[in-house]
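Colleague: Below is coords-v7.csv; it holds CSV, C-alpha atoms.
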chain,number,residue,atom,x,y,z
A,19,MET,CA,98.2,-139.3,-58.9
A,20,LYS,CA,101.8,-139.0,-57.7
A,21,LYS,CA,101.4,-135.2,-57.5
A,22,THR,CA,98.4,-135.6,-55.2
A,23,LYS,CA,100.4,-137.9,-52.9
A,24,ILE,CA,103.2,-135.5,-52.6
A,25,PHE,CA,100.8,-132.6,-52.0
A,26,ILE,CA,99.1,-134.6,-49.2
A,27,THR,CA,102.3,-135.6,-47.6
A,28,ALA,CA,103.5,-132.0,-47.7
A,29,LEU,CA,100.3,-130.8,-46.2
A,30,VAL,CA,100.4,-133.3,-43.4
A,31,CYS,CA,104.0,-132.4,-42.7
A,32,LEU,CA,103.1,-128.7,-42.7
A,33,PHE,CA,100.2,-129.2,-40.4
A,34,VAL,CA,102.2,-131.4,-38.0
A,35,ILE,CA,105.1,-129.0,-37.8
A,36,ALA,CA,102.8,-126.0,-37.5
A,37,GLY,CA,100.6,-127.9,-35.0
A,38,GLY,CA,103.7,-128.8,-33.1
A,39,ILE,CA,104.8,-125.2,-32.8
A,40,LEU,CA,101.3,-124.1,-31.9
A,41,LEU,CA,100.8,-126.7,-29.2
A,42,ALA,CA,104.3,-126.6,-27.9
A,43,ALA,CA,104.7,-122.9,-27.7
A,44,ASP,CA,104.6,-121.9,-24.2
A,45,HIS,CA,101.8,-119.5,-25.2
A,46,ILE,CA,99.6,-121.5,-27.5
A,47,ASP,CA,97.4,-124.4,-27.3
A,48,ALA,CA,96.0,-125.7,-30.6
A,49,PRO,CA,93.4,-123.2,-31.7
A,50,ALA,CA,90.5,-125.7,-31.3
A,51,VAL,CA,91.5,-126.4,-27.7
A,52,THR,CA,90.4,-124.2,-24.8
A,53,SER,CA,93.2,-122.8,-22.7
A,54,LYS,CA,94.0,-125.1,-19.8
A,55,PRO,CA,94.5,-123.8,-16.3
A,56,THR,CA,97.9,-125.6,-16.2
A,57,ASP,CA,99.3,-123.8,-19.2
A,58,ILE,CA,101.9,-121.3,-18.3
A,59,THR,CA,102.4,-118.7,-21.0
A,60,ASP,CA,105.1,-116.5,-19.5
A,61,VAL,CA,107.3,-116.0,-16.5
A,62,TYR,CA,108.9,-112.7,-15.5
A,63,VAL,CA,111.3,-111.9,-12.7
A,64,PHE,CA,112.3,-108.3,-12.1
A,65,ARG,CA,113.2,-105.7,-9.5
A,66,GLY,CA,110.2,-104.1,-8.0
A,67,GLN,CA,109.2,-100.5,-7.9
A,68,ASN,CA,110.9,-100.7,-4.5
A,69,PRO,CA,114.3,-101.9,-5.6
A,70,ASP,CA,114.7,-104.0,-2.4
A,71,ASN,CA,112.0,-106.3,-3.7
A,72,MET,CA,111.8,-108.9,-6.4
A,73,VAL,CA,108.6,-109.5,-8.4
A,74,PHE,CA,107.6,-112.9,-9.7
A,75,VAL,CA,105.0,-113.1,-12.5
A,76,ALA,CA,103.4,-116.3,-13.9
A,77,ASN,CA,100.8,-115.9,-16.6
A,78,THR,CA,98.4,-118.7,-17.6
A,79,GLN,CA,95.6,-119.4,-20.0
A,80,GLY,CA,96.9,-117.3,-22.9
A,81,LEU,CA,95.1,-115.8,-25.9
A,82,LEU,CA,91.9,-115.1,-23.8
A,83,SER,CA,89.6,-112.8,-25.8
A,84,PRO,CA,87.8,-110.2,-23.7
A,85,GLY,CA,84.6,-112.3,-23.9
A,86,ALA,CA,86.4,-115.4,-22.7
A,87,THR,CA,88.2,-113.5,-19.9
A,88,ALA,CA,85.0,-113.0,-17.9
A,89,ASP,CA,84.6,-116.8,-17.6
A,90,ALA,CA,88.3,-117.7,-17.1
A,91,LYS,CA,89.1,-119.1,-13.7
A,92,PHE,CA,92.0,-120.4,-11.7
A,93,ASP,CA,91.7,-124.0,-11.0
A,94,GLU,CA,91.7,-125.0,-7.4
A,95,GLY,CA,93.5,-128.2,-8.1
A,96,THR,CA,96.4,-126.4,-9.8
A,97,MET,CA,99.5,-125.1,-7.9
A,98,ILE,CA,101.5,-122.4,-9.6
A,99,GLU,CA,105.0,-122.7,-8.1
A,100,PHE,CA,107.9,-120.4,-8.5
A,101,ASN,CA,111.1,-122.4,-8.1
A,102,ILE,CA,114.1,-120.4,-6.9
A,103,ASP,CA,117.7,-121.7,-6.9
A,104,ASN,CA,119.9,-119.4,-4.9
A,105,ASN,CA,123.2,-121.3,-4.9
A,106,GLY,CA,123.7,-121.9,-8.6
A,107,ASP,CA,123.0,-125.7,-8.9
A,108,ASN,CA,119.7,-125.4,-10.7
A,109,VAL,CA,117.9,-127.2,-7.9
A,110,GLU,CA,115.2,-125.2,-6.1
A,111,ASP,CA,116.2,-124.0,-2.6
A,112,LEU,CA,113.0,-122.0,-2.1
A,113,VAL,CA,109.5,-122.2,-3.6
A,114,ILE,CA,106.6,-119.8,-3.7
A,115,GLN,CA,103.4,-121.7,-4.1
A,116,CYS,CA,100.1,-120.2,-5.2
A,117,ILE,CA,96.8,-122.0,-5.0
A,118,ALA,CA,93.3,-120.7,-5.6
A,119,LYS,CA,90.7,-121.6,-3.0
A,120,ASN,CA,87.2,-120.3,-2.7
A,121,GLY,CA,87.8,-117.1,-4.7
A,122,LYS,CA,91.1,-116.3,-3.0
A,123,MET,CA,94.7,-116.8,-4.2
A,124,LYS,CA,96.8,-118.2,-1.3
A,125,VAL,CA,100.5,-117.7,-1.4
A,126,TYR,CA,102.8,-119.9,0.6
A,127,GLY,CA,106.5,-119.1,1.1
A,128,PRO,CA,109.1,-118.3,0.0
A,129,ALA,CA,110.1,-121.4,1.9
A,130,ALA,CA,112.2,-124.5,1.4
A,131,PRO,CA,110.4,-127.2,-0.5
A,132,ARG,CA,109.7,-130.5,1.2
A,133,VAL,CA,111.1,-132.3,-1.9
A,134,THR,CA,112.7,-131.0,-5.0
A,135,GLY,CA,111.8,-131.8,-8.6
A,136,THR,CA,108.6,-132.6,-10.4
A,137,ILE,CA,106.6,-133.6,-7.4
A,138,SER,CA,105.6,-131.1,-4.8
A,139,TYR,CA,103.9,-130.9,-1.4
A,140,LEU,CA,102.2,-127.7,-0.3
A,141,ASN,CA,104.1,-125.9,2.4
A,142,ILE,CA,100.8,-125.6,4.2
A,143,ASN,CA,102.2,-124.0,7.3
A,144,LYS,CA,103.9,-121.2,5.4
A,145,LEU,CA,101.0,-119.1,4.2
A,146,SER,CA,102.4,-115.7,3.6
A,147,VAL,CA,99.5,-113.7,2.1
A,148,GLN,CA,96.2,-114.3,0.4
A,149,THR,CA,94.1,-112.0,-1.7
A,150,ASP,CA,90.7,-112.0,-3.3
A,151,ILE,CA,91.0,-113.0,-7.0
A,152,THR,CA,90.3,-109.8,-9.0
A,153,PRO,CA,87.1,-110.2,-11.1
A,154,TYR,CA,87.3,-109.2,-14.7
A,155,GLY,CA,86.6,-105.5,-15.1
A,156,GLN,CA,87.5,-104.5,-11.6
A,157,PRO,CA,90.6,-102.6,-10.6
A,158,PRO,CA,93.3,-104.8,-9.2
A,159,ILE,CA,92.8,-106.2,-5.6
A,160,ILE,CA,96.1,-106.4,-3.8
A,161,GLY,CA,96.9,-108.5,-0.8
A,162,GLU,CA,99.8,-107.5,1.5
A,163,GLU,CA,101.2,-109.1,4.5
A,164,ASP,CA,104.6,-108.6,6.2
A,165,GLY,CA,106.0,-106.9,3.1
A,166,ILE,CA,104.8,-109.6,0.6
A,167,LYS,CA,102.2,-108.5,-2.0
A,168,ALA,CA,100.0,-110.7,-4.1
A,169,PHE,CA,97.6,-110.3,-7.0
A,170,ALA,CA,95.7,-112.8,-9.0
A,171,GLY,CA,93.3,-112.2,-11.9
A,172,PRO,CA,93.0,-111.2,-15.5
A,173,ARG,CA,95.6,-108.9,-17.0
A,174,ASP,CA,96.4,-107.7,-20.5
A,175,ASP,CA,98.9,-110.2,-21.8
A,176,PRO,CA,102.2,-108.3,-21.6
A,177,PHE,CA,103.8,-110.5,-24.3
A,178,PHE,CA,104.3,-109.1,-27.8
A,179,PHE,CA,105.5,-111.1,-30.8
A,180,ASP,CA,104.6,-111.6,-34.5
A,181,LEU,CA,104.0,-115.3,-33.9
A,182,VAL,CA,102.0,-115.7,-37.2
A,183,ARG,CA,105.0,-114.5,-39.2
A,184,PHE,CA,107.4,-116.5,-37.2
A,185,ARG,CA,105.5,-119.7,-38.0
A,186,GLN,CA,105.6,-118.8,-41.7
A,187,VAL,CA,109.4,-118.4,-41.5
A,188,ILE,CA,109.8,-121.7,-39.7
A,189,VAL,CA,107.8,-123.7,-42.3
A,190,GLY,CA,109.4,-121.8,-45.2
A,191,THR,CA,106.4,-119.9,-46.6
A,192,ALA,CA,108.2,-116.6,-45.6
A,193,SER,CA,111.9,-115.9,-45.7
A,194,SER,CA,112.0,-113.0,-43.2
A,195,PHE,CA,109.9,-111.0,-40.7
A,196,ASN,CA,107.7,-108.1,-41.9
A,197,ASN,CA,108.5,-104.6,-41.0
A,198,PRO,CA,106.4,-103.5,-39.2
A,199,GLY,CA,105.3,-106.7,-37.6
A,200,ASN,CA,101.9,-107.6,-36.3
A,201,ASP,CA,101.5,-108.4,-32.6
A,202,THR,CA,99.7,-111.7,-32.5
A,203,PHE,CA,98.9,-111.1,-28.8
A,204,ALA,CA,97.5,-107.6,-29.1
A,205,GLY,CA,94.0,-107.4,-27.6
A,206,THR,CA,94.3,-110.6,-25.6
A,207,ASN,CA,94.4,-111.4,-21.9
A,208,VAL,CA,95.9,-113.9,-19.5
A,209,LEU,CA,95.2,-115.0,-16.0
A,210,SER,CA,98.1,-113.7,-13.9
A,211,VAL,CA,99.6,-114.4,-10.5
A,212,VAL,CA,102.0,-111.7,-9.3
A,213,VAL,CA,104.0,-112.0,-6.0
A,214,GLU,CA,106.4,-109.3,-4.8
A,215,VAL,CA,108.8,-110.2,-2.0
A,216,PRO,CA,111.6,-108.5,-0.1
A,217,LYS,CA,115.0,-109.7,-1.5
A,218,SER,CA,116.0,-110.5,2.1
A,219,LEU,CA,113.7,-113.5,1.9
A,220,LEU,CA,115.5,-115.0,-1.1
A,221,GLY,CA,118.9,-115.7,0.3
A,222,SER,CA,122.2,-113.9,0.2
A,223,ASN,CA,123.4,-114.9,-3.3
A,224,THR,CA,123.8,-112.1,-5.8
A,225,THR,CA,121.9,-114.1,-8.5
A,226,ILE,CA,119.0,-116.4,-8.5
A,227,ASN,CA,117.7,-118.9,-11.1
A,228,VAL,CA,113.9,-119.1,-11.4
A,229,TRP,CA,111.5,-121.3,-13.2
A,230,ALA,CA,107.7,-121.7,-12.9
A,231,GLU,CA,105.8,-124.9,-12.8
A,232,SER,CA,102.1,-125.7,-12.7
A,233,LYS,CA,101.3,-128.8,-10.8
A,234,SER,CA,98.1,-130.7,-10.4
A,235,ALA,CA,96.8,-132.1,-7.2
A,236,THR,CA,96.6,-135.9,-7.4
A,237,GLY,CA,94.1,-136.4,-4.5
A,238,SER,CA,96.6,-138.8,-3.0
A,239,THR,CA,99.3,-138.6,-0.3
A,240,SER,CA,101.5,-141.1,-2.0
A,241,VAL,CA,103.6,-140.6,-5.1
A,242,ASN,CA,102.4,-143.7,-6.8
B,1,MET,CA,89.5,-133.1,-51.4
B,2,LYS,CA,87.9,-135.4,-48.8
B,3,LYS,CA,91.1,-137.4,-48.5
B,4,ILE,CA,93.1,-134.3,-47.7
B,5,PHE,CA,90.8,-133.5,-44.8
B,6,GLN,CA,91.1,-137.1,-43.5
B,7,TYR,CA,94.8,-136.9,-43.5
B,8,VAL,CA,94.8,-133.5,-41.8
B,9,PHE,CA,92.3,-134.7,-39.2
B,10,VAL,CA,94.4,-137.8,-38.4
B,11,ALA,CA,97.5,-135.6,-38.2
B,12,SER,CA,95.8,-133.1,-35.9
B,13,VAL,CA,94.5,-135.9,-33.6
B,14,VAL,CA,97.9,-137.3,-33.4
B,15,VAL,CA,99.5,-133.9,-32.6
B,16,PHE,CA,96.7,-133.0,-30.1
B,17,ALA,CA,97.0,-136.4,-28.4
B,18,ALA,CA,100.7,-136.1,-28.2
B,19,CYS,CA,100.4,-132.9,-26.3
B,20,GLN,CA,97.6,-133.8,-24.0
B,21,LYS,CA,99.1,-133.7,-20.6
B,22,ASN,CA,98.2,-136.2,-18.0
B,23,LEU,CA,95.8,-134.2,-15.9
B,24,ASP,CA,94.2,-137.1,-14.1
B,25,ARG,CA,93.6,-135.9,-10.6
B,26,ASN,CA,91.0,-136.2,-8.0
B,27,SER,CA,90.4,-132.7,-6.5
B,28,ALA,CA,87.4,-133.9,-4.4
B,29,ASP,CA,89.6,-133.7,-1.3
B,30,ALA,CA,90.7,-130.2,-2.1
B,31,SER,CA,87.2,-128.9,-2.2
B,32,LYS,CA,86.1,-130.8,0.9
B,33,ALA,CA,88.8,-129.1,3.0
B,34,GLY,CA,86.9,-125.8,3.1
B,35,GLY,CA,89.2,-122.8,2.9
B,36,VAL,CA,92.5,-124.8,3.3
B,37,PRO,CA,94.0,-127.2,0.8
B,38,PRO,CA,94.5,-130.7,2.1
B,39,GLN,CA,97.6,-131.8,4.0
B,40,ASN,CA,100.3,-133.9,2.4
B,41,GLU,CA,98.7,-134.0,-1.0
B,42,VAL,CA,101.0,-134.8,-3.9
B,43,TYR,CA,101.1,-132.3,-6.7
B,44,VAL,CA,102.6,-133.6,-10.0
B,45,GLN,CA,104.0,-131.4,-12.7
B,46,GLY,CA,102.0,-130.3,-15.7
B,47,ASP,CA,103.7,-127.3,-17.4
B,48,GLN,CA,107.0,-125.6,-16.8
B,49,MET,CA,108.6,-122.5,-18.1
B,50,ALA,CA,111.5,-120.2,-17.6
B,51,ARG,CA,112.9,-118.4,-20.6
B,52,PRO,CA,110.5,-117.5,-23.4
B,53,ALA,CA,110.2,-119.8,-26.5
B,54,ILE,CA,113.0,-122.2,-25.5
B,55,ASN,CA,110.9,-125.3,-25.6
B,56,THR,CA,109.1,-124.0,-28.7
B,57,VAL,CA,112.2,-123.4,-30.8
B,58,PHE,CA,114.7,-126.0,-29.7
B,59,VAL,CA,112.8,-129.1,-28.7
B,60,GLY,CA,111.1,-131.3,-31.4
B,61,SER,CA,107.4,-131.9,-31.0
B,62,ALA,CA,108.0,-135.5,-30.0
B,63,ARG,CA,109.9,-134.4,-26.9
B,64,LYS,CA,108.1,-131.2,-25.8
B,65,ASN,CA,106.0,-132.9,-23.1
B,66,GLU,CA,109.2,-134.6,-21.8
B,67,PHE,CA,110.9,-131.2,-21.7
B,68,ASN,CA,108.0,-129.8,-19.7
B,69,THR,CA,108.4,-132.5,-17.1
B,70,THR,CA,112.2,-132.6,-16.9
B,71,THR,CA,113.7,-130.9,-13.9
B,72,PRO,CA,116.2,-128.2,-14.9
B,73,SER,CA,119.2,-129.9,-13.3
B,74,ALA,CA,118.5,-132.8,-15.6
B,75,MET,CA,117.9,-130.9,-18.8
B,76,ASN,CA,121.5,-130.8,-20.0
B,77,GLY,CA,121.9,-134.5,-19.7
B,78,ALA,CA,118.6,-135.2,-21.6
B,79,PHE,CA,118.5,-132.5,-24.2
B,80,TYR,CA,121.9,-131.1,-24.9
B,81,ASN,CA,122.2,-132.9,-28.3
B,82,ASP,CA,118.8,-131.6,-29.3
B,83,PHE,CA,119.9,-128.0,-28.8
B,84,VAL,CA,123.2,-128.5,-30.6
B,85,ASN,CA,121.4,-130.1,-33.5
B,86,LYS,CA,118.9,-127.2,-33.7
B,87,LEU,CA,121.7,-124.6,-33.6
B,88,THR,CA,123.4,-126.5,-36.4
B,89,ALA,CA,120.2,-126.5,-38.4
B,90,PHE,CA,120.1,-122.7,-37.9
B,91,GLY,CA,123.6,-122.3,-39.2
B,92,TYR,CA,124.8,-121.0,-35.9
B,93,THR,CA,128.5,-120.3,-35.4
B,94,THR,CA,128.8,-117.5,-32.9
B,95,ASN,CA,126.9,-114.5,-31.5
B,96,ILE,CA,127.4,-111.0,-29.9
B,97,LEU,CA,128.2,-112.7,-26.6
B,98,GLY,CA,131.0,-114.6,-28.3
B,99,LEU,CA,129.6,-118.0,-27.5
B,100,ASP,CA,130.5,-121.0,-29.6
B,101,LYS,CA,127.9,-123.6,-30.4
B,102,PRO,CA,128.6,-126.0,-27.5
B,103,THR,CA,128.7,-123.2,-25.0
B,104,PHE,CA,125.5,-121.5,-26.3
B,105,ALA,CA,123.7,-124.9,-26.3
B,106,SER,CA,124.8,-125.3,-22.7
B,107,VAL,CA,123.5,-121.9,-21.8
B,108,LEU,CA,120.1,-122.5,-23.5
B,109,VAL,CA,119.4,-126.1,-22.5
B,110,THR,CA,119.2,-125.6,-18.7
B,111,ASP,CA,116.0,-123.6,-19.0
B,112,VAL,CA,116.1,-121.3,-16.0
B,113,LEU,CA,115.6,-117.5,-15.9
B,114,ASN,CA,118.6,-115.9,-14.3
B,115,ALA,CA,117.9,-112.8,-12.2
B,116,SER,CA,120.3,-110.4,-10.4
B,117,MET,CA,119.6,-109.5,-6.8
B,118,THR,CA,121.8,-106.4,-7.2
B,119,GLN,CA,121.6,-105.0,-10.7
B,120,PRO,CA,118.7,-103.4,-12.6
B,121,THR,CA,116.6,-105.9,-14.5
B,122,SER,CA,117.1,-106.6,-18.2
B,123,PHE,CA,117.0,-109.6,-20.3
B,124,TYR,CA,119.7,-107.9,-22.4
B,125,ASN,CA,120.3,-104.2,-23.0
B,126,GLY,CA,124.0,-104.1,-23.9
B,127,THR,CA,125.0,-103.6,-20.2
B,128,GLN,CA,122.8,-105.9,-18.3
B,129,VAL,CA,122.9,-109.5,-19.6
B,130,LEU,CA,120.3,-111.9,-18.3
B,131,THR,CA,119.7,-110.1,-15.0
B,132,GLY,CA,116.0,-111.0,-15.2
B,133,ARG,CA,113.0,-110.5,-17.4
B,134,ALA,CA,111.2,-107.2,-17.2
B,135,LEU,CA,107.8,-106.8,-18.8
B,136,ALA,CA,109.0,-104.3,-21.4
B,137,ASP,CA,112.0,-106.4,-22.5
B,138,ASP,CA,111.9,-107.4,-26.1
B,139,VAL,CA,112.9,-111.0,-25.4
B,140,ILE,CA,112.1,-112.2,-28.9
B,141,ASP,CA,114.5,-109.8,-30.6
B,142,VAL,CA,117.2,-110.6,-28.0
B,143,GLU,CA,116.8,-114.3,-28.6
B,144,LEU,CA,116.6,-113.9,-32.4
B,145,THR,CA,119.7,-111.8,-32.4
B,146,LEU,CA,121.6,-114.2,-30.2
B,147,ILE,CA,120.7,-117.1,-32.5
B,148,PHE,CA,120.8,-115.5,-36.0
B,149,GLY,CA,122.8,-112.2,-35.6
B,150,GLY,CA,126.3,-113.6,-35.8
B,151,ALA,CA,129.3,-112.0,-34.1
B,152,THR,CA,128.1,-108.4,-34.4
B,153,GLY,CA,124.3,-109.0,-34.3
B,154,ALA,CA,124.0,-107.6,-37.8
B,155,SER,CA,123.9,-110.9,-39.7
B,156,ASN,CA,120.6,-112.1,-41.1
B,157,PRO,CA,118.8,-108.8,-40.7
B,158,GLY,CA,115.5,-110.3,-41.8
B,159,LEU,CA,115.5,-112.7,-38.9
B,160,THR,CA,116.9,-110.8,-36.0
B,161,SER,CA,113.8,-108.8,-35.2
B,162,ASP,CA,110.1,-109.4,-35.6
B,163,HIS,CA,109.6,-105.6,-35.6
B,164,VAL,CA,107.0,-105.8,-32.8
B,165,ASN,CA,108.8,-103.7,-30.2
B,166,GLY,CA,106.3,-103.1,-27.4
B,167,ASN,CA,103.1,-104.2,-25.8
B,168,ASP,CA,99.8,-102.9,-27.0
B,169,LYS,CA,99.0,-101.4,-23.5
B,170,PRO,CA,101.3,-99.4,-21.3
B,171,PHE,CA,102.5,-101.1,-18.1
B,172,LEU,CA,101.8,-99.8,-14.6
B,173,ALA,CA,104.5,-98.2,-12.6
B,174,SER,CA,103.4,-100.0,-9.5
B,175,PHE,CA,102.1,-103.4,-8.4
B,176,PRO,CA,100.8,-105.5,-10.2
B,177,TYR,CA,102.6,-103.8,-13.1
B,178,MET,CA,100.6,-105.3,-15.9
B,179,ALA,CA,97.8,-103.3,-17.5
B,180,ASN,CA,94.1,-103.9,-16.9
B,181,PRO,CA,92.6,-106.6,-19.3
B,182,HIS,CA,91.0,-105.8,-22.6
Can the structure from this file be put into structure tokens for me?
Modeller:
Amino acid sequence: MKKTKIFITALVCLFVIAGGILLAADHIDAPAVTSKPTDITDVYVFRGQNPDNMVFVANTQGLLSPGATADAKFDEGTMIEFNIDNNGDNVEDLVIQCIAKNGKMKVYGPAAPRVTGTISYLNINKLSVQTDITPYGQPPIIGEEDGIKAFAGPRDDPFFFDLVRFRQVIVGTASSFNNPGNDTFAGTNVLSVVVEVPKSLLGSNTTINVWAESKSATGSTSVN
Amino acid sequence: MKKIFQYVFVASVVVFAACQKNLDRNSADASKAGGVPPQNEVYVQGDQMARPAINTVFVGSARKNEFNTTTPSAMNGAFYNDFVNKLTAFGYTTNILGLDKPTFASVLVTDVLNASMTQPTSFYNGTQVLTGRALADDVIDVELTLIFGGATGASNPGLTSDHVNGNDKPFLASFPYMANPH
């Protein structure tokens, strides 16, 4: 009887830990839960093909199978917001806000946010560029306006990691990674937003700090 | 056998519930507005991310949602101890950047992605350090090496690389840079 109790306790702990990792990983919802439009899987910031530009990437809705990708959509109540600190205090000085509307991704900014922190208002007068959201299976549709480029749609997930083995190491059922490893994300897709902007629009500091947020429309103009 | 499933089900419900984000919203106004989102509408934070795997590795399940809704300038104050404790649990002393535990915890806890406006982009390539995150950067190996690799990067060889070194599809040289979907 005691052995069963210990076994059950261990199993619960294992599941909670593994479940915690699964749910909390930026990439992964619990396997039984459909990817939510607010889940950000990855953020990239890099110098563009034109080295005078910076590229901002936010990927969402990870682990989409090809079949699921056709049905995946951006949610019109979700703002994907790149926060840019350009004076080193980790408070955003500029935001690039992306919102889907009637089949288009609208990109606002880079512009100063009305307020900083976890609440946002859309910089509605700062629309920079909009682009048709690329349907699954079609070549990328690119919007460009005043040197700012935008793309929104399904992409191959660029992330690569043996997450399965990592989980085994964390819970102690494996003591090391395999060589070679197995890419848990091979063959899967994400819904991506990509914005490329001239560096001149980002301030004069030699470094920036960036983080991405997904924010949900509340349907209200008041914070409470 | 049935009891095990009951326990697992309860545990999974607890874990799922803990990670449900508050997504209550009324988007009726958004759709009524035609092609333009409504004015002065408040957007509240759901998810947040900067560097890969930080929340996953360093924040316990009970506080992951809190981390996702903490503004970066407040992360140090709220989570510094969590990061120190996790580094301690990993047996951390130093790494190839020569950071002691308090310093490394400070670097990690404010979860923002640093990017250079002047240098080429690399998460880490020996020359560039945290000048951004390029699509091809093996950020996992970098983070594992910084956590487990010790002063030379050669410690704990079974833990400093997952031996998955690249994406399954080649990237594009030009915008939008990521490959077509599967």
Colleague: List every residue of chain A that has an atom at most 6 Å from any atom of chain B, giving for each one its closest atom pair and the distance in Å to one decimal, counting all atoms listed in the file, sorted by chain and then by ascending residue number, as CSV.
Modeller:
residue,atom,partner,partner_atom,distance
A:Val30,CA,B:Val8,CA,5.8
A:Gly38,CA,B:Ser61,CA,5.3
A:Ala42,CA,B:Thr56,CA,5.5
A:Ala43,CA,B:Thr56,CA,4.6
A:Asp57,CA,B:Asp47,CA,5.9
A:Tyr62,CA,B:Arg133,CA,5.0
A:Val63,CA,B:Arg133,CA,5.2
A:Phe64,CA,B:Ala134,CA,5.3
A:Pro84,CA,B:His182,CA,5.6
A:Gly95,CA,B:Ser27,CA,5.7
A:Asn108,CA,B:Ser73,CA,5.2
A:Gly135,CA,B:Thr71,CA,5.7
A:Thr136,CA,B:Gln45,CA,5.3
A:Ile137,CA,B:Val44,CA,4.8
A:Ser138,CA,B:Tyr43,CA,5.0
A:Tyr139,CA,B:Val42,CA,5.5
A:Pro172,CA,B:Pro181,CA,6.0
A:Arg173,CA,B:Pro181,CA,4.4
A:Asp174,CA,B:Pro181,CA,4.1
A:Pro176,CA,B:Asn167,CA,5.9
A:Phe178,CA,B:Asn167,CA,5.4
A:Phe179,CA,B:Val164,CA,5.9
A:Ser194,CA,B:Gly158,CA,4.6
A:Phe195,CA,B:Asp162,CA,5.3
A:Asn197,CA,B:His163,CA,5.6
A:Pro198,CA,B:His163,CA,5.3
A:Gly199,CA,B:His163,CA,4.9
A:Ala204,CA,B:Asp168,CA,5.6
A:Asn207,CA,B:Pro181,CA,5.7
A:Thr224,CA,B:Met117,CA,5.0
A:Thr225,CA,B:Ser116,CA,4.5
A:Ile226,CA,B:Ala115,CA,5.3
A:Asn227,CA,B:Asn114,CA,4.5
A:Val228,CA,B:Leu113,CA,5.1
A:Trp229,CA,B:Ala50,CA,4.5
A:Ala230,CA,B:Met49,CA,5.3
A:Glu231,CA,B:Gln48,CA,4.2
A:Ser232,CA,B:Asp47,CA,5.2
A:Lys233,CA,B:Gln45,CA,4.2
A:Ser234,CA,B:Tyr43,CA,5.0
A:Ala235,CA,B:Tyr43,CA,4.3
A:Thr236,CA,B:Arg25,CA,4.4
A:Gly237,CA,B:Asn26,CA,4.7
A:Ser238,CA,B:Glu41,CA,5.6
A:Thr239,CA,B:Glu41,CA,4.7
Colleague: Any idea what's packed within 10 Å of Thr93 of chain B, counting all atoms listed in the file, ignoring anything in its chain fewer than 2 positions away? Could you give it as number ranges by chain?
Modeller: B: 87-88, 90-91, 95, 98-102, 104, 147-151
Colleague: So the first atom is atom CA of Thr59 of chain A and the second is atom CA of Ala170 of chain A; what is the distance between them in Å, to one decimal place?
Modeller: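 About the pair atom CA of Thr59 of chain A and atom CA of Ala170 of chain A: they are 15.0 Å apart.
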Colleague: If I take atom CA of Ile159 of chain A and atom CA of Val211 of chain A, how far is one from the other in Å, to one decimal?
Modeller: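 Pair atom CA of Ile159 of chain A / atom CA of Val211 of chain A returns 11.7 Å.
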Colleague: What is the atom CA of Phe79 of chain B-atom CA of Gln186 of chain A distance in Å, reported with one decimal?
Modeller: 25.7 Å
Colleague: List as a ChimeraX atom specification the protein and nucleic acid residues near Ser83 of chain A, meaning an atom at most 7 Å away when all atoms listed in the file are counted, but skip any in the same chain fewer than 2 places from it.
Modeller: /A:81,85-87,206-207
